[in-house]
Amino acid sequence: MDTLFSPSSPEIPQASAHVLVVPAPRPKRKRKRAVHPSVPFTPSTTVPDELLLDADWVVVSSSGGKDSQAMLSYVVRRAKALGVLHKVVVVHADLGRAEWAGTRDLAELQARLCGVRRFEVVSSGHDFLDRVETRHGKLKAKAEKEALERGEDPAQAEVAPAWPSSSARWCTSGEKRGPIHTLYTRLTDELAHLGRPVRILACIGQRAAESTQRAKLAEVEIDRRASNGRRHITTWRPVHTWNDRKVWREIARSRLPYHPAYDWGNRRLSCVFCVLGCNGDLVNGARRVPELAAAFARTETKIGADFKKGLSMREIIRRAEALEATEGPAARPPAGTAMAAHVGRAVTTKYRARQAVLYGLVA
């Protein structure tokens, strides 16, 4: 009897004779952004007063935190002495519900009390947690596509973390740096009549003592990524070498009010829950803003990944609740607690008294 589908039949190809080989996808080459030839590689000077005199605009980034507050006081003091206060613009990147309540208003108040006439607010227009979820969706789709191209089960694809981290600080670039660049564009347009690249001095309150990464940053450098043929951006970190004591002494000298979160025990300010913040700050945030902590926990569940590597928001909330159970709701610490810890009670008392006389800010 003839076999209709005999393996030896010349009309029927052998199953093992053809193996589909899926070539590995070629890595996409990142197109290198060309920098305009007019942009210098190094700053013409690193002397603070010369930087201020040479700039067309002096843009001070203010998060409302202690470092940017001390920087603002120092920069304004030098600008006043040089007669260039009119060049100073204070900009606050509004982070919406992700940042401590009152931060935007505080940053504006600090600028006004310093005598700065121009205060700008910029924003990405996106909610932070929405961006995390959107980012997760895109990363998941990308991982599944690449798994399929490799002939693997997409359900087993490893998805890259959607939360920001020390190595992937997309929140800084997307929520702060990018929106601030839009301000640079507007300021450049205002001085287009100069007929040359507008010189912008960008003042940032980063300190070497904060991290090993920040310790590696230069005090003064050209921001070639933000510069182009119409504007040249020089980054200046005025408080880069300062320690905590010097920061608090400048705040005491300036008489500018600082955010009460520091008196509650926070070491950093801006986002209530920052992946770079210490555990104490995160737990403090969960005690003071429990509804935001709950929203972070819900996002963790949606994307299936912890907020911080090795520390979930659920655990942060658990620790906060444990403290509330053992200590009870924390009483508000006396105003000036944070300052007194660094510069002493006598200096702090004088600071608060001068605030009361000059601004009526202390009851």
# chains A, B, ... in the order shown; residues from 1 in each chain; ligands from 1

$ select_by_dssp --residues "region 95-205 of chain A" --states "alpha helix (DSSP H)" --output "PyMOL selection string"
chain A and resi 103-114+128-149+170-172+178-190

$ closest_residue --among "A:Ser211, A:Thr134, A:Thr182, A:Thr235" --to "Thr45 (chain A)" --atoms "only C-alpha atoms"
A:Thr235

$ closest_residue --among "A:Val122, A:Leu148, A:Ile251, A:Leu191" --to "Gln69 (chain A)" --atoms "only C-alpha atoms"
A:Ile251

$ residues_around --residues "Ala294 (chain A)" --least-positions-apart "2" --cutoff "12 Å" --atoms "only C-alpha atoms" --output "tab-separated table (two decimals) with N, CA and C atoms, in the first residue's frame"
chain	number	residue	atom	x	y	z
A	129	LEU	N	2.71	60.22	38.97
A	129	LEU	CA	2.29	58.81	39.00
A	129	LEU	C	1.70	58.37	37.67
A	273	PHE	N	8.07	62.05	48.21
A	273	PHE	CA	8.69	60.73	48.12
A	273	PHE	C	9.69	60.72	46.97
A	285	GLY	N	7.28	61.39	55.27
A	285	GLY	CA	6.31	61.76	54.25
A	285	GLY	C	5.03	60.95	54.36
A	286	ALA	N	5.16	59.66	54.66
A	286	ALA	CA	3.99	58.80	54.78
A	286	ALA	C	3.14	59.17	56.00
A	287	ARG	N	3.79	59.70	57.04
A	287	ARG	CA	3.04	60.12	58.23
A	287	ARG	C	2.32	61.45	57.98
A	288	ARG	N	2.97	62.33	57.24
A	288	ARG	CA	2.40	63.67	57.03
A	288	ARG	C	1.43	63.73	55.85
A	289	VAL	N	1.69	62.92	54.82
A	289	VAL	CA	0.84	62.95	53.62
A	289	VAL	C	0.41	61.52	53.29
A	290	PRO	N	-0.41	60.89	54.15
A	290	PRO	CA	-0.77	59.48	53.96
A	290	PRO	C	-1.54	59.20	52.68
A	291	GLU	N	-2.33	60.19	52.23
A	291	GLU	CA	-3.11	59.96	51.01
A	291	GLU	C	-2.21	59.84	49.79
A	292	LEU	N	-1.10	60.57	49.77
A	292	LEU	CA	-0.16	60.47	48.65
A	292	LEU	C	0.60	59.14	48.73
A	296	PHE	N	0.84	56.17	45.82
A	296	PHE	CA	2.08	55.53	45.37
A	296	PHE	C	1.96	54.01	45.50
A	297	ALA	N	1.37	53.56	46.59
A	297	ALA	CA	1.22	52.11	46.80
A	297	ALA	C	0.31	51.50	45.74
A	298	ARG	N	-0.74	52.22	45.36
A	298	ARG	CA	-1.64	51.72	44.32
A	298	ARG	C	-0.90	51.61	42.97
A	299	THR	N	-0.05	52.56	42.69
A	299	THR	CA	0.72	52.49	41.45
A	299	THR	C	1.69	51.32	41.49
A	300	GLU	N	2.27	51.05	42.64
A	300	GLU	CA	3.14	49.87	42.79
A	300	GLU	C	2.38	48.60	42.39
A	301	THR	N	1.15	48.50	42.87
A	301	THR	CA	0.34	47.31	42.57
A	301	THR	C	0.03	47.23	41.08
A	307	PHE	N	8.41	50.90	44.59
A	307	PHE	CA	8.80	52.29	44.39
A	307	PHE	C	10.31	52.46	44.43
A	312	SER	N	9.53	48.97	49.41
A	312	SER	CA	8.26	49.30	48.77
A	312	SER	C	7.55	50.40	49.54
A	313	MET	N	6.63	51.08	48.87
A	313	MET	CA	5.82	52.07	49.57
A	313	MET	C	4.93	51.41	50.61
A	314	ARG	N	4.53	50.19	50.35
A	314	ARG	CA	3.73	49.47	51.34
A	314	ARG	C	4.50	49.31	52.65
A	315	GLU	N	5.80	49.04	52.54
A	315	GLU	CA	6.63	48.90	53.74
A	315	GLU	C	6.84	50.25	54.42
A	316	ILE	N	7.00	51.29	53.61
A	316	ILE	CA	7.16	52.64	54.16
A	316	ILE	C	5.91	53.02	54.95
A	317	ILE	N	4.73	52.70	54.40
A	317	ILE	CA	3.47	52.99	55.08
A	317	ILE	C	3.38	52.17	56.37
A	318	ARG	N	3.81	50.91	56.32
A	318	ARG	CA	3.77	50.06	57.52
A	318	ARG	C	4.61	50.66	58.63
A	320	ALA	N	5.44	53.82	58.98
A	320	ALA	CA	4.79	55.06	59.44
A	320	ALA	C	3.66	54.74	60.40

$ closest_residue --among "A:Ala155, A:Ser173, A:His36, A:Arg230" --to "His193 (chain A)" --atoms "only C-alpha atoms"
A:Arg230

$ closest_residue --among "A:Ala208, A:Ile303, A:Leu106, A:Val343" --to "Tyr258 (chain A)" --atoms "only C-alpha atoms"
A:Leu106

$ select_by_dssp --residues "region 53-237 of chain A" --states "strand (DSSP E)" --output "MDAnalysis selection string"
chainID A and resid 57:61 88:93 118:122 198:203 220:222 231:236

$ residues_around --residues "region 157-161 of chain A" --least-positions-apart "3" --cutoff "12 Å" --atoms "only C-alpha atoms" --output "compact mmCIF listing (two decimals) with N, CA, C and O atoms, in the first residue's frame"
# COMPACT_ATOMS: atom_id res chain seq x y z
N VAL A 132 4.61 57.48 35.56
CA VAL A 132 5.19 56.17 35.92
C VAL A 132 4.39 55.05 35.25
O VAL A 132 4.98 54.12 34.67
N GLU A 133 3.07 55.14 35.30
CA GLU A 133 2.24 54.10 34.72
C GLU A 133 2.35 54.08 33.19
O GLU A 133 2.41 53.01 32.58
N ARG A 135 4.94 55.12 31.48
CA ARG A 135 6.29 54.63 31.19
C ARG A 135 6.35 53.11 31.32
O ARG A 135 6.96 52.43 30.50
N HIS A 136 5.67 52.57 32.33
CA HIS A 136 5.65 51.11 32.52
C HIS A 136 5.00 50.43 31.32
O HIS A 136 5.50 49.41 30.82
N GLY A 137 3.90 51.01 30.83
CA GLY A 137 3.23 50.42 29.68
C GLY A 137 4.12 50.38 28.45
O GLY A 137 4.15 49.37 27.73
N LYS A 138 4.87 51.45 28.23
CA LYS A 138 5.77 51.48 27.08
C LYS A 138 6.93 50.51 27.24
O LYS A 138 7.32 49.81 26.29
N LEU A 139 7.49 50.44 28.44
CA LEU A 139 8.61 49.53 28.68
C LEU A 139 8.16 48.07 28.58
O LEU A 139 8.90 47.21 28.09
N LYS A 140 6.94 47.79 29.02
CA LYS A 140 6.40 46.43 28.94
C LYS A 140 6.19 46.03 27.48
O LYS A 140 6.56 44.91 27.06
N ALA A 141 5.62 46.93 26.68
CA ALA A 141 5.39 46.65 25.26
C ALA A 141 6.72 46.43 24.54
O ALA A 141 6.84 45.53 23.70
N LYS A 142 7.71 47.21 24.89
CA LYS A 142 9.04 47.09 24.27
C LYS A 142 9.67 45.75 24.63
O LYS A 142 10.23 45.05 23.77
N ALA A 143 9.58 45.36 25.90
CA ALA A 143 10.18 44.10 26.34
C ALA A 143 9.50 42.90 25.68
O ALA A 143 10.16 41.94 25.27
N GLU A 144 8.17 42.97 25.54
CA GLU A 144 7.43 41.88 24.91
C GLU A 144 7.76 41.77 23.42
O GLU A 144 7.90 40.67 22.88
N LYS A 145 7.88 42.89 22.75
CA LYS A 145 8.23 42.89 21.33
C LYS A 145 9.61 42.29 21.11
O LYS A 145 9.81 41.46 20.21
N GLU A 146 10.55 42.68 21.94
CA GLU A 146 11.92 42.16 21.80
C GLU A 146 11.97 40.67 22.11
O GLU A 146 12.73 39.92 21.49
N ALA A 147 11.14 40.22 23.05
CA ALA A 147 11.08 38.79 23.37
C ALA A 147 10.55 38.00 22.18
O ALA A 147 11.07 36.93 21.84
N LEU A 148 9.51 38.52 21.54
CA LEU A 148 8.96 37.87 20.35
C LEU A 148 10.00 37.79 19.24
O LEU A 148 10.12 36.76 18.55
N GLU A 149 10.75 38.85 19.05
CA GLU A 149 11.79 38.87 18.01
C GLU A 149 12.88 37.84 18.28
O GLU A 149 13.52 37.34 17.35
N ARG A 150 13.08 37.53 19.55
CA ARG A 150 14.07 36.51 19.92
C ARG A 150 13.48 35.11 19.94
O ARG A 150 14.17 34.13 20.22
N GLY A 151 12.17 35.01 19.69
CA GLY A 151 11.51 33.72 19.72
C GLY A 151 11.21 33.24 21.12
O GLY A 151 11.06 32.04 21.35
N GLU A 152 11.09 34.17 22.06
CA GLU A 152 10.84 33.82 23.46
C GLU A 152 9.39 34.16 23.83
O GLU A 152 8.69 34.88 23.11
N ASP A 153 8.98 33.63 24.96
CA ASP A 153 7.63 33.87 25.45
C ASP A 153 7.55 35.31 25.97
O ASP A 153 8.22 35.66 26.94
N PRO A 154 6.72 36.15 25.35
CA PRO A 154 6.64 37.55 25.80
C PRO A 154 6.11 37.68 27.22
O PRO A 154 6.38 38.67 27.90
N PRO A 164 11.72 56.06 38.78
CA PRO A 164 13.06 56.67 38.66
C PRO A 164 14.03 55.99 39.62
O PRO A 164 13.63 55.33 40.58
N SER A 165 15.31 56.15 39.35
CA SER A 165 16.35 55.61 40.23
C SER A 165 17.57 56.51 40.11
O SER A 165 17.60 57.43 39.30
N SER A 166 18.59 56.21 40.89
CA SER A 166 19.81 57.02 40.82
C SER A 166 20.48 56.91 39.46
O SER A 166 21.18 57.82 39.03
N SER A 167 20.25 55.80 38.77
CA SER A 167 20.86 55.61 37.44
C SER A 167 19.91 55.99 36.30
O SER A 167 20.32 56.05 35.15
N ALA A 168 18.64 56.21 36.61
CA ALA A 168 17.66 56.59 35.59
C ALA A 168 16.76 57.69 36.14
O ALA A 168 15.60 57.47 36.46
N ARG A 169 17.34 58.89 36.24
CA ARG A 169 16.60 60.00 36.85
C ARG A 169 15.78 60.75 35.80
O ARG A 169 15.96 61.95 35.60
N TRP A 170 14.89 60.02 35.15
CA TRP A 170 14.07 60.65 34.12
C TRP A 170 13.13 61.70 34.72
O TRP A 170 12.67 62.61 34.02
N GLU A 300 2.27 51.05 42.64
CA GLU A 300 3.14 49.87 42.79
C GLU A 300 2.38 48.60 42.39
O GLU A 300 2.90 47.76 41.67
N ILE A 303 1.70 48.37 38.47
CA ILE A 303 2.82 48.05 37.59
C ILE A 303 3.64 46.87 38.09
O ILE A 303 4.56 46.40 37.40
N GLY A 304 3.33 46.38 39.30
CA GLY A 304 4.01 45.21 39.81
C GLY A 304 5.47 45.44 40.15
O GLY A 304 6.30 44.54 39.99
N ALA A 305 5.80 46.63 40.62
CA ALA A 305 7.20 46.93 40.97
C ALA A 305 7.24 47.89 42.14
O ALA A 305 6.41 48.80 42.25
N ASP A 306 8.20 47.67 43.04
CA ASP A 306 8.34 48.53 44.20
C ASP A 306 8.84 49.92 43.83
O ASP A 306 9.62 50.09 42.88
N PHE A 307 8.41 50.90 44.59
CA PHE A 307 8.80 52.29 44.39
C PHE A 307 10.31 52.46 44.43
O PHE A 307 10.91 53.16 43.61
N LYS A 308 10.95 51.82 45.37
CA LYS A 308 12.40 51.92 45.54
C LYS A 308 12.97 50.52 45.67
O LYS A 308 12.38 49.67 46.32
N LYS A 309 14.09 50.28 45.05
CA LYS A 309 14.68 48.95 45.08
C LYS A 309 14.95 48.53 46.53
O LYS A 309 15.67 49.20 47.26

$ closest_atom_pairs --of "region 85-110 of chain A" --to "region 56-64 of chain A" --cutoff "6 Å" --atoms "only C-alpha atoms" --output "tab-separated table"
residue	atom	partner	partner_atom	distance
A:Lys87	CA	A:Trp57	CA	4.9
A:Val88	CA	A:Val58	CA	4.6
A:Val89	CA	A:Val59	CA	4.8
A:Val90	CA	A:Val60	CA	4.8
A:Val91	CA	A:Ser61	CA	5.0
A:His92	CA	A:Ser62	CA	5.2
A:Thr103	CA	A:Gly64	CA	5.6
A:Ala107	CA	A:Gly64	CA	4.7

$ write_last_selection --atoms "C-alpha atoms" --output "CSV table (one decimal), in the first residue's frame"
chain,number,residue,atom,x,y,z
A,87,LYS,CA,19.3,90.2,35.6
A,88,VAL,CA,18.1,87.7,38.2
A,89,VAL,CA,15.2,85.4,37.5
A,90,VAL,CA,14.0,82.8,40.0
A,91,VAL,CA,12.4,79.7,38.5
A,92,HIS,CA,10.4,77.0,40.3
A,103,THR,CA,6.5,74.7,48.3
A,107,ALA,CA,9.8,79.7,46.7

$ closest_residue --among "A:Arg131, A:Arg237, A:Lys216, A:Arg186" --to "Met71 (chain A)" --atoms "only C-alpha atoms"
A:Arg237

$ residues_around --residues "Tyr351 (chain A)" --least-positions-apart "5" --cutoff "12 Å" --atoms "only C-alpha atoms" --output "ChimeraX atom specification"
/A:248-258,335-336,339-340,343-346,356-359,361-362

$ atom_distance --atom1 "CA of Leu311 (chain A)" --atom2 "CA of Glu324 (chain A)"
19.4 Å

$ residues_around --residues "Val47 (chain A)" --least-positions-apart "6" --cutoff "12 Å" --atoms "only C-alpha atoms" --output "NGL selection string"
:A and (53-54 or 78 or 219-221 or 236-238)

$ write_last_selection --atoms "C-alpha atoms" --output "PDB file, in the first residue's frame"
ATOM      1  CA  LEU A  53      28.721  90.456  35.292  1.00  0.00           C
ATOM      2  CA  ASP A  54      29.173  88.534  32.045  1.00  0.00           C
ATOM      3  CA  ARG A  78      26.471  89.264  45.142  1.00  0.00           C
ATOM      4  CA  GLU A 219      31.335  74.119  40.187  1.00  0.00           C
ATOM      5  CA  VAL A 220      31.219  75.862  36.818  1.00  0.00           C
ATOM      6  CA  GLU A 221      30.740  74.241  33.407  1.00  0.00           C
ATOM      7  CA  TRP A 236      27.121  77.494  38.203  1.00  0.00           C
ATOM      8  CA  ARG A 237      26.788  75.593  41.490  1.00  0.00           C
ATOM      9  CA  PRO A 238      27.388  78.372  44.039  1.00  0.00           C
TER      10      PRO A 238
END

$ atom_distance --atom1 "CA of Glu327 (chain A)" --atom2 "CA of Ala341 (chain A)"
22.1 Å

$ atom_distance --atom1 "CA of Leu183 (chain A)" --atom2 "CA of Glu108 (chain A)"
16.3 Å
